[in-house]
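Following: one structure in C-alpha cells, then a few remarks.
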Amino acid sequence: NAGVTQTPKFRILKIGQSMTLQCTQDMNHNYMYWYRQDPGMGLKLIYYSVGAGITDKGEVPNGYNVSRSTTEDFPLRLELAAPSQTSVYFCASSSPTANYGYTFGSGTRLTVV
Amino acid sequence: KNEVEQSPQNLTAQEGEFITINCSYSVGISALHWLQQHPGGGIVSLFMLSSGKKKHGRLIATINIQEKHSSLHITASHPRDSAVYICAVWSGNQFYFGTGTSLTVIP
C-alpha cells in the first residue's frame, strides 16, 4: 500500500538511551517532516527535508537528529533520551503539486522513563 | 500568541447538523491545510487550499486570504465524523498548526 510507513509503533526507552525512528514513503514525495504531538497539544515540527541530502531544523529540534540519504527514507535519531521527549511522533511527506495536502504515518508512541 | 488559532476548541453536535470550524492565522501563507485526527491517532489530510473553496463529499473548505481566515464545513454530520480537526498553514519553510477542534457527533 502506498503511503508513509513508520516504525516502531510503540517504544519505551530509559533515560540516556538512544534510538532511531524509521520513516519511509513510496510516493516519490520531495518533502518529508517529523513532528511531535504532546498530550492535548498541537503538532510541532522537529525537522524537515525538501529533498535528498537537504535537512532543516523546525520549531523543536533540540535532542534530535535526522538524515535524508534517499528520497524514500527520513529517519529521526534520538540521542540521550530524556523524559521531555515522551510524545507521539509523526512522520509526513508531501509533494508541492499534491492537490490534497500531505500524508502522515500512523505515529510512534514513545515513553522515556 | 499562536500563529494559527482555531475555534471552537470543542464541539458537540447532533447527527445531521451542519458544522463549521474556523481557523485564523497571523502569518503570510502559501497554503493552508485541514487535517483530521481520529481517536486512534492517525492523521489524514483533508484539504490543501491556497484560494477559494474546495469540496470533497460532505466536506467543504473555504479560505479568505485577505482576512487570513479559513472555515471547514461538514454537512449532514455523522458520528463517524467525530475526530480532531486541525488547521495548518505553510509559511516560509514550515508548517504552523492550530491546536485542533475536537468534534463529537452524537447519534
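Naming scheme: A, B, ... for chains in displayed order of the C-alpha cells; residues 1 onward per chain; ligands 1 onward as shown.
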
**OP:** Can you list, as number ranges by chain, all residues belonging to chain B that DSSP tags as strand (DSSP E)?
**Re:** B: 4-7, 10-14, 19-25, 31-37, 43-49, 52-56, 59-64, 69-74, 83-91, 94-97, 101-106

Please report as a tab-separated table every residue of stretch 6-96 of chain B lying within 12 Å of stretch 24-39 of chain A, along with the nearest atom pair and their distance in Å (one decimal), using only C-alpha atoms.
residue	atom	partner	partner_atom	distance
B:Gln37	CA	A:Gln37	CA	11.6
B:Gly41	CA	A:Gln37	CA	10.1
B:Gly42	CA	A:Gln37	CA	11.8
B:Ile43	CA	A:Gln37	CA	11.4
B:Asn93	CA	A:Tyr31	CA	10.8
B:Gln94	CA	A:Tyr33	CA	9.4
B:Phe95	CA	A:Tyr33	CA	9.7
B:Tyr96	CA	A:Tyr35	CA	11.0

For chain B, which residues have at least one atom within 7 Å of chain A, if we go by only C-alpha atoms? Write them as a ChimeraX atom specification, please. /B:33,42-48,97-100

Excluding A:Gln22 and any residue of its chain fewer than 3 positions from it, enumerate the residues within 10 Å of it, using only C-alpha atoms, and give them as a JSON list (two decimals) with C-alpha atoms, in the first residue's frame.
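Dumped everything to part_37.json:
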[["chain", "number", "residue", "atom", "x", "y", "z"],
["A", 5, "THR", "CA", 5.38, 3.85, 6.98],
["A", 6, "GLN", "CA", 6.70, 4.48, 10.47],
["A", 7, "THR", "CA", 8.35, 2.02, 12.78],
["A", 8, "PRO", "CA", 8.13, 1.18, 15.59],
["A", 19, "MET", "CA", 17.03, 5.10, 19.26],
["A", 73, "ASP", "CA", 13.75, 7.47, 3.89],
["A", 74, "PHE", "CA", 13.88, 10.10, 6.63],
["A", 75, "PRO", "CA", 14.96, 8.56, 9.97],
["A", 76, "LEU", "CA", 14.81, 10.54, 13.22],
["A", 77, "ARG", "CA", 17.52, 9.87, 15.77],
["A", 91, "CYS", "CA", 6.35, 11.45, 10.04],
["A", 108, "THR", "CA", 5.18, 6.26, 17.10]]

Q. Can you tell me, as a ChimeraX atom specification, what residues are no more than 6 Å from stretch 51-54 of chain A when counting only C-alpha atoms, ignoring any on the same chain fewer than 5 positions away?
A. /A:30,68-71

Excluding same-chain residues fewer than 2 positions from B:Arg80, what lies within 10 Å of it counting only C-alpha atoms, as a list in words?
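Once the adjacent positions are removed, what remains is Glu15, His38, Ser77, His78, Ser82, Ala83, Thr104, Val105, Ile106 and Pro107 of chain B.
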
Expected file contents, prior selection, C-alpha atoms, as a PDB file, in the first residue's frame:
ATOM      1  CA  GLU B  15     -26.216  13.743  13.862  1.00  0.00           C
ATOM      2  CA  HIS B  38      -9.175  10.150  14.691  1.00  0.00           C
ATOM      3  CA  SER B  77     -22.763  15.354  10.142  1.00  0.00           C
ATOM      4  CA  HIS B  78     -22.406  11.723  11.183  1.00  0.00           C
ATOM      5  CA  SER B  82     -16.080  12.542  15.345  1.00  0.00           C
ATOM      6  CA  ALA B  83     -12.402  13.467  15.358  1.00  0.00           C
ATOM      7  CA  THR B 104     -18.178  14.792  18.754  1.00  0.00           C
ATOM      8  CA  VAL B 105     -21.261  13.914  16.736  1.00  0.00           C
ATOM      9  CA  ILE B 106     -23.987  12.234  18.769  1.00  0.00           C
ATOM     10  CA  PRO B 107     -26.377   9.783  17.089  1.00  0.00           C
TER      11      PRO B 107
END

| task | Pick out the residues sitting within 12 Å of B:Lys55, and hand them over as a PyMOL selection string; count only C-alpha atoms, and ignore anything fewer than 4 positions along from it in its own chain. | result | (chain A and resi 100) or (chain B and resi 46-49+59-62+71-75)

Restricting the output to N, CA, C and O atoms, write the selected residues as a CSV table (one decimal), in the first residue's frame.
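Final file, again.csv:
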chain,number,residue,atom,x,y,z
A,100,TYR,N,-4.3,17.3,-2.5
A,100,TYR,CA,-4.9,17.1,-1.2
A,100,TYR,C,-4.0,17.0,0.0
A,100,TYR,O,-4.2,16.3,0.9
B,46,LEU,N,-7.2,16.4,4.7
B,46,LEU,CA,-8.5,16.6,4.0
B,46,LEU,C,-8.4,17.5,2.8
B,46,LEU,O,-8.9,17.2,1.8
B,47,PHE,N,-7.8,18.6,3.1
B,47,PHE,CA,-7.7,19.7,2.0
B,47,PHE,C,-6.4,20.4,2.1
B,47,PHE,O,-5.9,20.6,3.1
B,48,MET,N,-6.0,20.9,0.9
B,48,MET,CA,-5.0,21.9,0.8
B,48,MET,C,-5.6,23.1,0.0
B,48,MET,O,-6.1,22.8,-1.1
B,49,LEU,N,-5.5,24.3,0.6
B,49,LEU,CA,-6.1,25.4,-0.1
B,49,LEU,C,-5.1,26.6,-0.2
B,49,LEU,O,-4.3,26.8,0.7
B,59,LEU,N,-17.7,17.5,2.9
B,59,LEU,CA,-16.8,18.4,3.5
B,59,LEU,C,-16.5,19.6,2.5
B,59,LEU,O,-16.4,19.3,1.3
B,60,ILE,N,-16.6,20.8,3.1
B,60,ILE,CA,-16.3,22.0,2.2
B,60,ILE,C,-15.3,22.8,3.0
B,60,ILE,O,-15.5,23.1,4.2
B,61,ALA,N,-14.3,23.3,2.3
B,61,ALA,CA,-13.3,24.2,2.9
B,61,ALA,C,-13.2,25.5,2.1
B,61,ALA,O,-13.2,25.4,0.9
B,62,THR,N,-13.2,26.6,2.8
B,62,THR,CA,-13.0,27.9,2.2
B,62,THR,C,-11.9,28.6,2.8
B,62,THR,O,-11.5,28.4,4.0
B,71,SER,N,-12.5,28.3,6.8
B,71,SER,CA,-13.5,27.6,7.5
B,71,SER,C,-13.6,26.2,6.9
B,71,SER,O,-13.4,26.0,5.7
B,72,LEU,N,-13.9,25.2,7.8
B,72,LEU,CA,-14.2,23.9,7.4
B,72,LEU,C,-15.6,23.6,7.7
B,72,LEU,O,-16.0,23.8,8.9
B,73,HIS,N,-16.4,23.2,6.8
B,73,HIS,CA,-17.8,22.9,7.0
B,73,HIS,C,-18.1,21.4,6.8
B,73,HIS,O,-17.5,20.8,5.8
B,74,ILE,N,-18.9,20.8,7.6
B,74,ILE,CA,-19.4,19.4,7.4
B,74,ILE,C,-20.9,19.5,7.3
B,74,ILE,O,-21.6,19.9,8.2
B,75,THR,N,-21.4,19.0,6.2
B,75,THR,CA,-22.8,19.0,6.0
B,75,THR,C,-23.3,17.6,6.4
B,75,THR,O,-22.6,16.6,6.3

Non-local contacts of stretch 64-69 of chain B (9 Å; only C-alpha atoms; under 5 positions in same chain excluded) as a ChimeraX atom specification: /B:22-29,50-52

With only C-alpha atoms as the atoms that count, which of A:Ala81, A:Thr111, A:Ser95, A:Ser87 lies nearest to A:Tyr64?
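Checking each candidate against A:Tyr64, we get A:Ala81 as the closest.
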
Separation of atom CA of A:Ser93 from atom CA of A:Gly3 in Å: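 Spanning atom CA of A:Gly3 to atom CA of A:Ser93 is a straight-line distance of 8.7 Å.
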